[in-house]
Amino acid sequence: MKKVKNVIIKLYNYINWKIQSSDVKKKEIVSAHLDIKIEKNKRILIIAPHPDDELIGCFAVISKYHNLVDIYYTGLTGYNKSKDNIIKRRKEIQKLCEKYNVGLYLDKAGEDKQLSLINFDNYQYIFIPSFIDWHWEHRNTCLNVLKIIIEKKYCQNIMFYMVTVPIPAKYVNFYNEIGKDKWDAFKEIYLSQSFMPIDRFKAVEKSYLLTNNSRIEPYYEIDADNCINYINAFKTLNETELDQMYKSINNIKKIREKSIYYYNLVEKALNKNRKGE
């Protein structure tokens, strides 16, 4: 009986996301395809608060530039902080890195405590989760990275990537098209996350319109010299309200509306800071 119920739920969710991905008004991406040209002795760094964030937001980068990529896993595990879960999640991200020949840094102290030990000067591109997200650990990691960049005067291409809250099309600077193997890799590697609604992620990826109707991973590039203004802009947002975005993640239209609202607030705060300079 339980198996039948699970099949019905899975079928219902599949149909629900198919309908939503076709019903939601798409936003045309007019930004550039991300074509990374790496200088000699430079690499790409993807910072993942949780194992699977790097796959959800940056799989196209990993699969295309794998031998030039390092992943920094901060050691966070959300609500489940049991020892067994920590070990299981760590093994999963190690498996991903081995599969794609990607370098891996493990923050064994957890909670971004060893982030400042990373020499960001080794990296030409740094991918971090966007602050506009319902998950507090994504937001905290984003702020911590920006603070370190300011403190140590690093200068790189900084890209915010999307996890569960879509980046509004008008704020997307670059994008990568996604290969068909992305979610197959997710199913193979992240067994502990088998409950994740993959069809929801696919629907969001399809909600961006390209000429060939491909699914994409969007990125929002910021200026490394402007990090302090971003931090100040983020401080103007109500984090309790950001937490509540979780309630809208199963409705593409609603989560996009909320995302646009918060990105617009950030842009408004940034413009205010620019005028005050």
# chains A, B, ... in the order shown; residues from 1 in each chain; ligands from 1

call {"tool": "select_by_dssp", "arguments": {"residues": "range 51-107 of chain A", "states": "strand (DSSP E or B)", "output": "compact mmCIF listing (two decimals) with C-alpha atoms, in the first residue's frame"}}
result
# COMPACT_ATOMS: atom_id res chain seq x y z
CA VAL A 69 37.81 23.15 -10.40
CA ASP A 70 38.10 22.93 -6.62
CA ILE A 71 35.10 22.58 -4.34
CA TYR A 72 35.20 23.94 -0.81
CA TYR A 73 32.65 22.17 1.40
CA GLY A 103 39.68 19.06 -6.10
CA LEU A 104 38.05 19.09 -2.68
CA TYR A 105 38.62 21.07 0.51
CA LEU A 106 36.77 19.86 3.59

call {"tool": "residues_around", "arguments": {"residues": "Asn232 in chain A", "least_positions_apart": "2", "cutoff": "10 Å", "atoms": "only C-alpha atoms", "output": "number ranges by chain"}}
result
A: 227-230, 234-237, 266, 269-270, 273

call {"tool": "residues_around", "arguments": {"residues": "Asn41 in chain A", "least_positions_apart": "3", "cutoff": "10 Å", "atoms": "only C-alpha atoms", "output": "PDB file with N, CA, C and O atoms, in the first residue's frame"}}
result
ATOM      1  N   ILE A  38      40.740  30.613 -18.366  1.00  0.00           N
ATOM      2  CA  ILE A  38      41.548  30.597 -17.148  1.00  0.00           C
ATOM      3  C   ILE A  38      42.996  30.981 -17.434  1.00  0.00           C
ATOM      4  O   ILE A  38      43.635  30.431 -18.333  1.00  0.00           O
ATOM      5  N   LEU A  68      40.008  21.873 -13.632  1.00  0.00           N
ATOM      6  CA  LEU A  68      40.419  23.199 -13.173  1.00  0.00           C
ATOM      7  C   LEU A  68      39.615  23.669 -11.962  1.00  0.00           C
ATOM      8  O   LEU A  68      39.779  24.792 -11.504  1.00  0.00           O
ATOM      9  N   ASN A 122      44.551  32.100  -5.682  1.00  0.00           N
ATOM     10  CA  ASN A 122      44.783  30.989  -6.610  1.00  0.00           C
ATOM     11  C   ASN A 122      43.643  30.829  -7.611  1.00  0.00           C
ATOM     12  O   ASN A 122      43.751  30.042  -8.547  1.00  0.00           O
ATOM     13  N   TYR A 123      42.554  31.585  -7.386  1.00  0.00           N
ATOM     14  CA  TYR A 123      41.335  31.361  -8.172  1.00  0.00           C
ATOM     15  C   TYR A 123      40.953  32.600  -8.979  1.00  0.00           C
ATOM     16  O   TYR A 123      40.926  33.722  -8.472  1.00  0.00           O
ATOM     17  N   GLN A 124      40.634  32.338 -10.221  1.00  0.00           N
ATOM     18  CA  GLN A 124      40.185  33.415 -11.104  1.00  0.00           C
ATOM     19  C   GLN A 124      38.679  33.617 -10.996  1.00  0.00           C
ATOM     20  O   GLN A 124      38.182  34.737 -11.136  1.00  0.00           O
TER      21      GLN A 124
END

call {"tool": "residues_around", "arguments": {"residues": "Phe186 in chain A", "least_positions_apart": "3", "cutoff": "12 Å", "atoms": "only C-alpha atoms", "output": "number ranges by chain"}}
result
A: 51-57, 59, 92-93, 95-96, 99, 180-183, 189-198, 201

call {"tool": "write_last_selection", "arguments": {"atoms": "N, CA, C and O atoms", "output": "mmCIF file, in the first residue's frame"}}
result
data_model
loop_
_atom_site.group_PDB
_atom_site.id
_atom_site.type_symbol
_atom_site.label_atom_id
_atom_site.label_comp_id
_atom_site.auth_asym_id
_atom_site.auth_seq_id
_atom_site.Cartn_x
_atom_site.Cartn_y
_atom_site.Cartn_z
ATOM 1 N N PRO A 51 26.750 19.531 0.881
ATOM 2 C CA PRO A 51 26.957 18.634 -0.258
ATOM 3 C C PRO A 51 25.669 18.599 -1.086
ATOM 4 O O PRO A 51 24.588 18.412 -0.520
ATOM 5 N N ASP A 52 25.759 18.814 -2.344
ATOM 6 C CA ASP A 52 24.735 18.867 -3.400
ATOM 7 C C ASP A 52 24.482 20.289 -3.887
ATOM 8 O O ASP A 52 24.000 20.495 -4.986
ATOM 9 N N ASP A 53 24.826 21.325 -3.075
ATOM 10 C CA ASP A 53 24.667 22.701 -3.548
ATOM 11 C C ASP A 53 25.498 22.928 -4.805
ATOM 12 O O ASP A 53 25.051 23.584 -5.756
ATOM 13 N N GLU A 54 26.710 22.378 -4.803
ATOM 14 C CA GLU A 54 27.608 22.567 -5.945
ATOM 15 C C GLU A 54 27.054 21.908 -7.203
ATOM 16 O O GLU A 54 27.209 22.436 -8.307
ATOM 17 N N LEU A 55 26.390 20.767 -7.039
ATOM 18 C CA LEU A 55 25.809 20.071 -8.194
ATOM 19 C C LEU A 55 24.565 20.810 -8.682
ATOM 20 O O LEU A 55 24.392 21.029 -9.879
ATOM 21 N N ILE A 56 23.713 21.232 -7.750
ATOM 22 C CA ILE A 56 22.473 21.925 -8.116
ATOM 23 C C ILE A 56 22.759 23.243 -8.835
ATOM 24 O O ILE A 56 22.130 23.565 -9.836
ATOM 25 N N GLY A 57 23.734 24.002 -8.334
ATOM 26 C CA GLY A 57 23.960 25.333 -8.881
ATOM 27 C C GLY A 57 25.063 25.443 -9.909
ATOM 28 O O GLY A 57 25.059 26.380 -10.720
ATOM 29 N N PHE A 59 26.707 22.491 -11.741
ATOM 30 C CA PHE A 59 27.085 21.231 -12.387
ATOM 31 C C PHE A 59 27.701 21.463 -13.760
ATOM 32 O O PHE A 59 28.639 20.768 -14.159
ATOM 33 N N GLU A 92 29.533 11.543 0.217
ATOM 34 C CA GLU A 92 28.846 11.802 -1.050
ATOM 35 C C GLU A 92 29.560 12.868 -1.875
ATOM 36 O O GLU A 92 29.762 12.702 -3.079
ATOM 37 N N ILE A 93 29.970 13.947 -1.224
ATOM 38 C CA ILE A 93 30.648 15.002 -1.994
ATOM 39 C C ILE A 93 32.044 14.534 -2.427
ATOM 40 O O ILE A 93 32.545 14.916 -3.481
ATOM 41 N N LYS A 95 32.635 11.496 -3.331
ATOM 42 C CA LYS A 95 32.337 10.655 -4.487
ATOM 43 C C LYS A 95 32.159 11.509 -5.740
ATOM 44 O O LYS A 95 32.652 11.158 -6.824
ATOM 45 N N LEU A 96 31.471 12.641 -5.607
ATOM 46 C CA LEU A 96 31.289 13.532 -6.751
ATOM 47 C C LEU A 96 32.631 14.039 -7.267
ATOM 48 O O LEU A 96 32.888 14.052 -8.469
ATOM 49 N N LYS A 99 34.511 11.342 -9.073
ATOM 50 C CA LYS A 99 33.883 11.023 -10.361
ATOM 51 C C LYS A 99 34.260 12.040 -11.433
ATOM 52 O O LYS A 99 34.503 11.680 -12.600
ATOM 53 N N LYS A 180 22.233 16.527 -20.123
ATOM 54 C CA LYS A 180 21.192 15.608 -19.657
ATOM 55 C C LYS A 180 21.622 14.770 -18.463
ATOM 56 O O LYS A 180 20.795 14.169 -17.785
ATOM 57 N N ASP A 181 22.951 14.729 -18.210
ATOM 58 C CA ASP A 181 23.440 13.849 -17.153
ATOM 59 C C ASP A 181 23.417 14.483 -15.761
ATOM 60 O O ASP A 181 23.761 13.831 -14.785
ATOM 61 N N LYS A 182 23.001 15.737 -15.662
ATOM 62 C CA LYS A 182 23.053 16.426 -14.363
ATOM 63 C C LYS A 182 22.263 15.683 -13.289
ATOM 64 O O LYS A 182 22.803 15.343 -12.226
ATOM 65 N N TRP A 183 21.002 15.447 -13.530
ATOM 66 C CA TRP A 183 20.159 14.871 -12.485
ATOM 67 C C TRP A 183 20.351 13.364 -12.362
ATOM 68 O O TRP A 183 20.038 12.782 -11.323
ATOM 69 N N ILE A 189 24.823 9.934 -6.946
ATOM 70 C CA ILE A 189 25.756 10.338 -5.893
ATOM 71 C C ILE A 189 25.064 10.678 -4.578
ATOM 72 O O ILE A 189 25.485 10.233 -3.506
ATOM 73 N N TYR A 190 23.998 11.464 -4.650
ATOM 74 C CA TYR A 190 23.372 11.969 -3.418
ATOM 75 C C TYR A 190 22.174 11.115 -3.002
ATOM 76 O O TYR A 190 21.025 11.548 -3.023
ATOM 77 N N LEU A 191 22.505 9.899 -2.601
ATOM 78 C CA LEU A 191 21.467 8.955 -2.189
ATOM 79 C C LEU A 191 20.732 9.431 -0.942
ATOM 80 O O LEU A 191 19.544 9.153 -0.761
ATOM 81 N N SER A 192 21.427 10.160 -0.072
ATOM 82 C CA SER A 192 20.791 10.657 1.153
ATOM 83 C C SER A 192 19.748 11.731 0.848
ATOM 84 O O SER A 192 18.921 12.067 1.702
ATOM 85 N N GLN A 193 19.793 12.271 -0.371
ATOM 86 C CA GLN A 193 18.860 13.336 -0.763
ATOM 87 C C GLN A 193 17.827 12.847 -1.776
ATOM 88 O O GLN A 193 17.303 13.632 -2.569
ATOM 89 N N SER A 194 17.517 11.564 -1.731
ATOM 90 C CA SER A 194 16.586 10.983 -2.705
ATOM 91 C C SER A 194 15.179 11.574 -2.593
ATOM 92 O O SER A 194 14.377 11.449 -3.513
ATOM 93 N N PHE A 195 14.898 12.227 -1.464
ATOM 94 C CA PHE A 195 13.590 12.863 -1.260
ATOM 95 C C PHE A 195 13.461 14.179 -2.029
ATOM 96 O O PHE A 195 12.374 14.735 -2.162
ATOM 97 N N MET A 196 14.577 14.690 -2.531
ATOM 98 C CA MET A 196 14.567 16.006 -3.184
ATOM 99 C C MET A 196 13.695 15.978 -4.445
ATOM 100 O O MET A 196 13.786 15.034 -5.243
ATOM 101 N N PRO A 197 12.863 17.004 -4.652
ATOM 102 C CA PRO A 197 11.957 17.052 -5.819
ATOM 103 C C PRO A 197 12.698 17.500 -7.070
ATOM 104 O O PRO A 197 12.675 18.672 -7.455
ATOM 105 N N ILE A 198 13.333 16.569 -7.742
ATOM 106 C CA ILE A 198 14.138 16.889 -8.921
ATOM 107 C C ILE A 198 13.315 17.588 -10.001
ATOM 108 O O ILE A 198 13.800 18.501 -10.668
ATOM 109 N N PHE A 201 13.302 21.317 -9.564
ATOM 110 C CA PHE A 201 14.520 21.976 -10.035
ATOM 111 C C PHE A 201 14.533 22.076 -11.556
ATOM 112 O O PHE A 201 14.920 23.105 -12.122
#

call {"tool": "residues_around", "arguments": {"residues": "Glu239 in chain A", "least_positions_apart": "6", "cutoff": "10 Å", "atoms": "only C-alpha atoms", "output": "PyMOL selection string"}}
result
chain A and resi 132-136+139

call {"tool": "atom_distance", "arguments": {"atom1": "CA of Ile149 in chain A", "atom2": "CA of Asp107 in chain A"}}
result
17.8 Å
